[in-house]
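Novice: As input, take final25.json (JSON, C-alpha atoms and all ligand atoms):
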```json
[["chain", "number", "residue", "atom", "x", "y", "z"],
["A", 1, "MET", "CA", 6.43, -12.63, -10.44],
["A", 2, "ASN", "CA", 8.28, -13.31, -13.67],
["A", 3, "ASP", "CA", 9.88, -10.54, -15.65],
["A", 4, "PHE", "CA", 7.51, -9.49, -18.35],
["A", 5, "VAL", "CA", 8.83, -8.21, -21.65],
["A", 6, "TRP", "CA", 6.47, -5.89, -23.50],
["A", 7, "PRO", "CA", 6.25, -5.37, -26.36],
["A", 8, "SER", "CA", 7.61, -8.69, -27.40],
["A", 9, "ASP", "CA", 9.48, -9.37, -30.58],
["A", 10, "VAL", "CA", 6.44, -11.09, -32.07],
["A", 11, "ASP", "CA", 4.92, -8.94, -34.82],
["A", 12, "ARG", "CA", 1.51, -10.52, -34.96],
["A", 13, "ALA", "CA", -0.56, -11.58, -32.01],
["A", 14, "GLU", "CA", -0.51, -15.34, -31.90],
["A", 15, "ASN", "CA", -2.52, -17.51, -29.57],
["A", 16, "GLU", "CA", 0.53, -18.37, -27.57],
["A", 17, "GLU", "CA", 1.39, -14.72, -27.23],
["A", 18, "LEU", "CA", -2.15, -13.81, -26.21],
["A", 19, "ASN", "CA", -2.13, -16.58, -23.64],
["A", 20, "ARG", "CA", 1.10, -15.27, -22.25],
["A", 21, "VAL", "CA", -0.34, -11.75, -21.97],
["A", 22, "CYS", "CA", -3.56, -12.99, -20.37],
["A", 23, "GLU", "CA", -1.72, -15.15, -17.87],
["A", 24, "TYR", "CA", 0.44, -12.22, -16.94],
["A", 25, "LEU", "CA", -2.63, -10.02, -16.56],
["A", 26, "GLU", "CA", -4.20, -12.54, -14.20],
["A", 27, "GLU", "CA", -1.00, -12.64, -12.21],
["A", 28, "VAL", "CA", -0.91, -8.84, -11.97],
["A", 29, "LEU", "CA", -4.58, -8.65, -10.98],
["A", 30, "ASP", "CA", -4.06, -11.26, -8.26],
["A", 31, "GLU", "CA", -1.13, -9.34, -6.91],
["A", 32, "HIS", "CA", -3.07, -6.08, -7.14],
["A", 33, "GLU", "CA", -5.93, -7.59, -5.18],
["A", 34, "THR", "CA", -3.56, -8.83, -2.49],
["A", 35, "LEU", "CA", -1.83, -5.45, -2.25],
["A", 36, "THR", "CA", -5.13, -3.58, -2.21],
["A", 37, "GLY", "CA", -6.25, -5.70, 0.72],
["A", 38, "LYS", "CA", -3.04, -5.05, 2.58],
["A", 39, "PHE", "CA", -3.25, -1.35, 1.80],
["A", 40, "GLN", "CA", -6.80, -1.23, 3.12],
["A", 41, "ARG", "CA", -5.76, -2.92, 6.35],
["A", 42, "LEU", "CA", -2.82, -0.55, 6.64],
["A", 43, "ASN", "CA", -5.23, 2.34, 6.22],
["A", 44, "ASP", "CA", -7.31, 0.92, 9.03],
["A", 45, "VAL", "CA", -4.27, 1.14, 11.27],
["A", 46, "TRP", "CA", -4.15, 4.88, 10.64],
["A", 47, "ARG", "CA", -7.49, 5.28, 12.33],
["A", 48, "ALA", "CA", -5.50, 6.08, 15.41],
["A", 49, "ASP", "CA", -5.78, 9.76, 16.19],
["A", 50, "GLY", "CA", -2.90, 11.84, 14.96],
["A", 51, "CYS", "CA", -1.26, 14.71, 16.80],
["A", 52, "GLY", "CA", -3.26, 17.50, 15.10],
["A", 53, "SER", "CA", -0.42, 18.71, 12.91],
["A", 54, "ASN", "CA", -1.16, 19.49, 9.25],
["A", 55, "SER", "CA", 1.90, 17.41, 8.39],
["A", 56, "CYS", "CA", 0.93, 14.49, 10.62],
["A", 57, "MET", "CA", 2.30, 11.19, 9.32],
["A", 58, "MET", "CA", -0.32, 9.17, 11.20],
["A", 59, "LYS", "CA", -3.53, 10.98, 10.42],
["A", 60, "PRO", "CA", -3.63, 14.57, 9.17],
["A", 61, "PRO", "CA", -6.53, 16.52, 10.66],
["A", 62, "GLU", "CA", -9.67, 16.67, 8.52],
["A", 63, "SER", "CA", -10.31, 20.28, 9.51],
["A", 64, "VAL", "CA", -7.87, 22.94, 10.65],
["A", 65, "GLY", "CA", -4.63, 21.65, 12.13],
["A", 66, "ASN", "CA", -1.51, 23.28, 13.50],
["A", 67, "ASN", "CA", 1.75, 23.87, 11.68],
["A", 68, "GLY", "CA", 4.08, 22.54, 14.34],
["A", 69, "GLY", "CA", 5.12, 19.37, 12.52],
["A", 70, "CYS", "CA", 4.16, 15.80, 13.36],
["A", 71, "ARG", "CA", 4.80, 14.85, 16.99],
["A", 72, "CYS", "CA", 3.36, 11.32, 16.78],
["A", 73, "TYR", "CA", 6.80, 9.77, 17.12],
["A", 74, "GLU", "CA", 6.92, 11.25, 20.61],
["A", 75, "ASN", "CA", 3.96, 9.08, 21.58],
["A", 76, "ARG", "CA", 5.80, 5.87, 22.34],
["A", 77, "SER", "CA", 2.78, 3.66, 23.02],
["A", 78, "LEU", "CA", 1.06, 4.81, 19.82],
["A", 79, "MET", "CA", 4.13, 4.09, 17.72],
["A", 80, "MET", "CA", 4.61, 0.69, 19.37],
["A", 81, "SER", "CA", 1.05, -0.41, 18.65],
["A", 82, "VAL", "CA", 1.14, 0.89, 15.08],
["A", 83, "THR", "CA", 4.46, -0.83, 14.43],
["A", 84, "GLN", "CA", 3.14, -4.13, 15.75],
["A", 85, "ARG", "CA", -0.03, -3.95, 13.69],
["A", 86, "VAL", "CA", 1.82, -2.97, 10.50],
["A", 87, "ASN", "CA", 4.26, -5.84, 11.00],
["A", 88, "ALA", "CA", 1.37, -8.25, 11.52],
["A", 89, "ILE", "CA", -0.30, -7.10, 8.31],
["A", 90, "LEU", "CA", 2.86, -7.18, 6.21],
["A", 91, "ASN", "CA", 3.72, -10.67, 7.42],
["A", 92, "GLN", "CA", 0.30, -12.17, 6.68],
["B", 101, "ZN", "ZN", 1.35, 13.31, 13.93]]
```
Using structure tokens, write down the structure that the file contains.
Ligand SMILES: [Zn+2]

Specialist:
Amino acid sequence: MNDFVWPSDVDRAENEELNRVCEYLEEVLDEHETLTGKFQRLNDVWRADGCGSNSCMMKPPESVGNNGGCRCYENRSLMMSVTQRVNAILNQ
């Protein structure tokens, strides 16, 4: 994405300036849509059950959890599958 200078040094809105703003807006919206999709798919990855800790990095419990700190990293197979899926999503 190009660097976008705002406000510009143009005092009055001219057609060319409005076009530039609108084109940039479309670019930003496209990027936002792409990122939102990726974020949604990343969220789907977190459907894996967490470890039950209130500070779980994978999936904090929806009800009462424990205060022991996240232990998900100790679950090697869980971390491997999450890493693979995140990489797949980010490289799409
Ligand atoms: Zn955890």

Novice: So, with only C-alpha atoms as the atoms that count, which of A:Glu74, A:Asp3, A:Phe39, A:Gly50 lies closest to Glu27 in chain A?

Specialist: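 So, comparing all the options, the nearest one is A:Asp3.
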
Novice: Using only C-alpha atoms and all ligand atoms, find each protein or nucleic acid residue lying at most 9 Å from ligand ZN 101 (chain B); present the set as an NGL selection string.

Specialist: :A and (49-60 or 69-74)

Novice: Output C-alpha atoms of each residue in that selection to a file, as an mmCIF file, keeping the file's coordinate frame.

Specialist:
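Wrote out.cif, looks like this:
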```
data_model
loop_
_atom_site.group_PDB
_atom_site.id
_atom_site.type_symbol
_atom_site.label_atom_id
_atom_site.label_comp_id
_atom_site.auth_asym_id
_atom_site.auth_seq_id
_atom_site.Cartn_x
_atom_site.Cartn_y
_atom_site.Cartn_z
ATOM 1 C CA ASP A 49 -5.780 9.760 16.190
ATOM 2 C CA GLY A 50 -2.900 11.840 14.960
ATOM 3 C CA CYS A 51 -1.260 14.710 16.800
ATOM 4 C CA GLY A 52 -3.260 17.500 15.100
ATOM 5 C CA SER A 53 -0.420 18.710 12.910
ATOM 6 C CA ASN A 54 -1.160 19.490 9.250
ATOM 7 C CA SER A 55 1.900 17.410 8.390
ATOM 8 C CA CYS A 56 0.930 14.490 10.620
ATOM 9 C CA MET A 57 2.300 11.190 9.320
ATOM 10 C CA MET A 58 -0.320 9.170 11.200
ATOM 11 C CA LYS A 59 -3.530 10.980 10.420
ATOM 12 C CA PRO A 60 -3.630 14.570 9.170
ATOM 13 C CA GLY A 69 5.120 19.370 12.520
ATOM 14 C CA CYS A 70 4.160 15.800 13.360
ATOM 15 C CA ARG A 71 4.800 14.850 16.990
ATOM 16 C CA CYS A 72 3.360 11.320 16.780
ATOM 17 C CA TYR A 73 6.800 9.770 17.120
ATOM 18 C CA GLU A 74 6.920 11.250 20.610
#
```

Novice: Could you tell me how far CA of Ser63 in chain A lies from CA of Gln40 in chain A, in Å and to one decimal?

Specialist: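 CA of Ser63 in chain A sits 22.7 Å away from CA of Gln40 in chain A.
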
Novice: To one decimal place, how far is CA of Thr36 in chain A from CA of Ala88 in chain A in Å?

Specialist: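 Computed distance, CA of Thr36 in chain A to CA of Ala88 in chain A, equals 15.9 Å.
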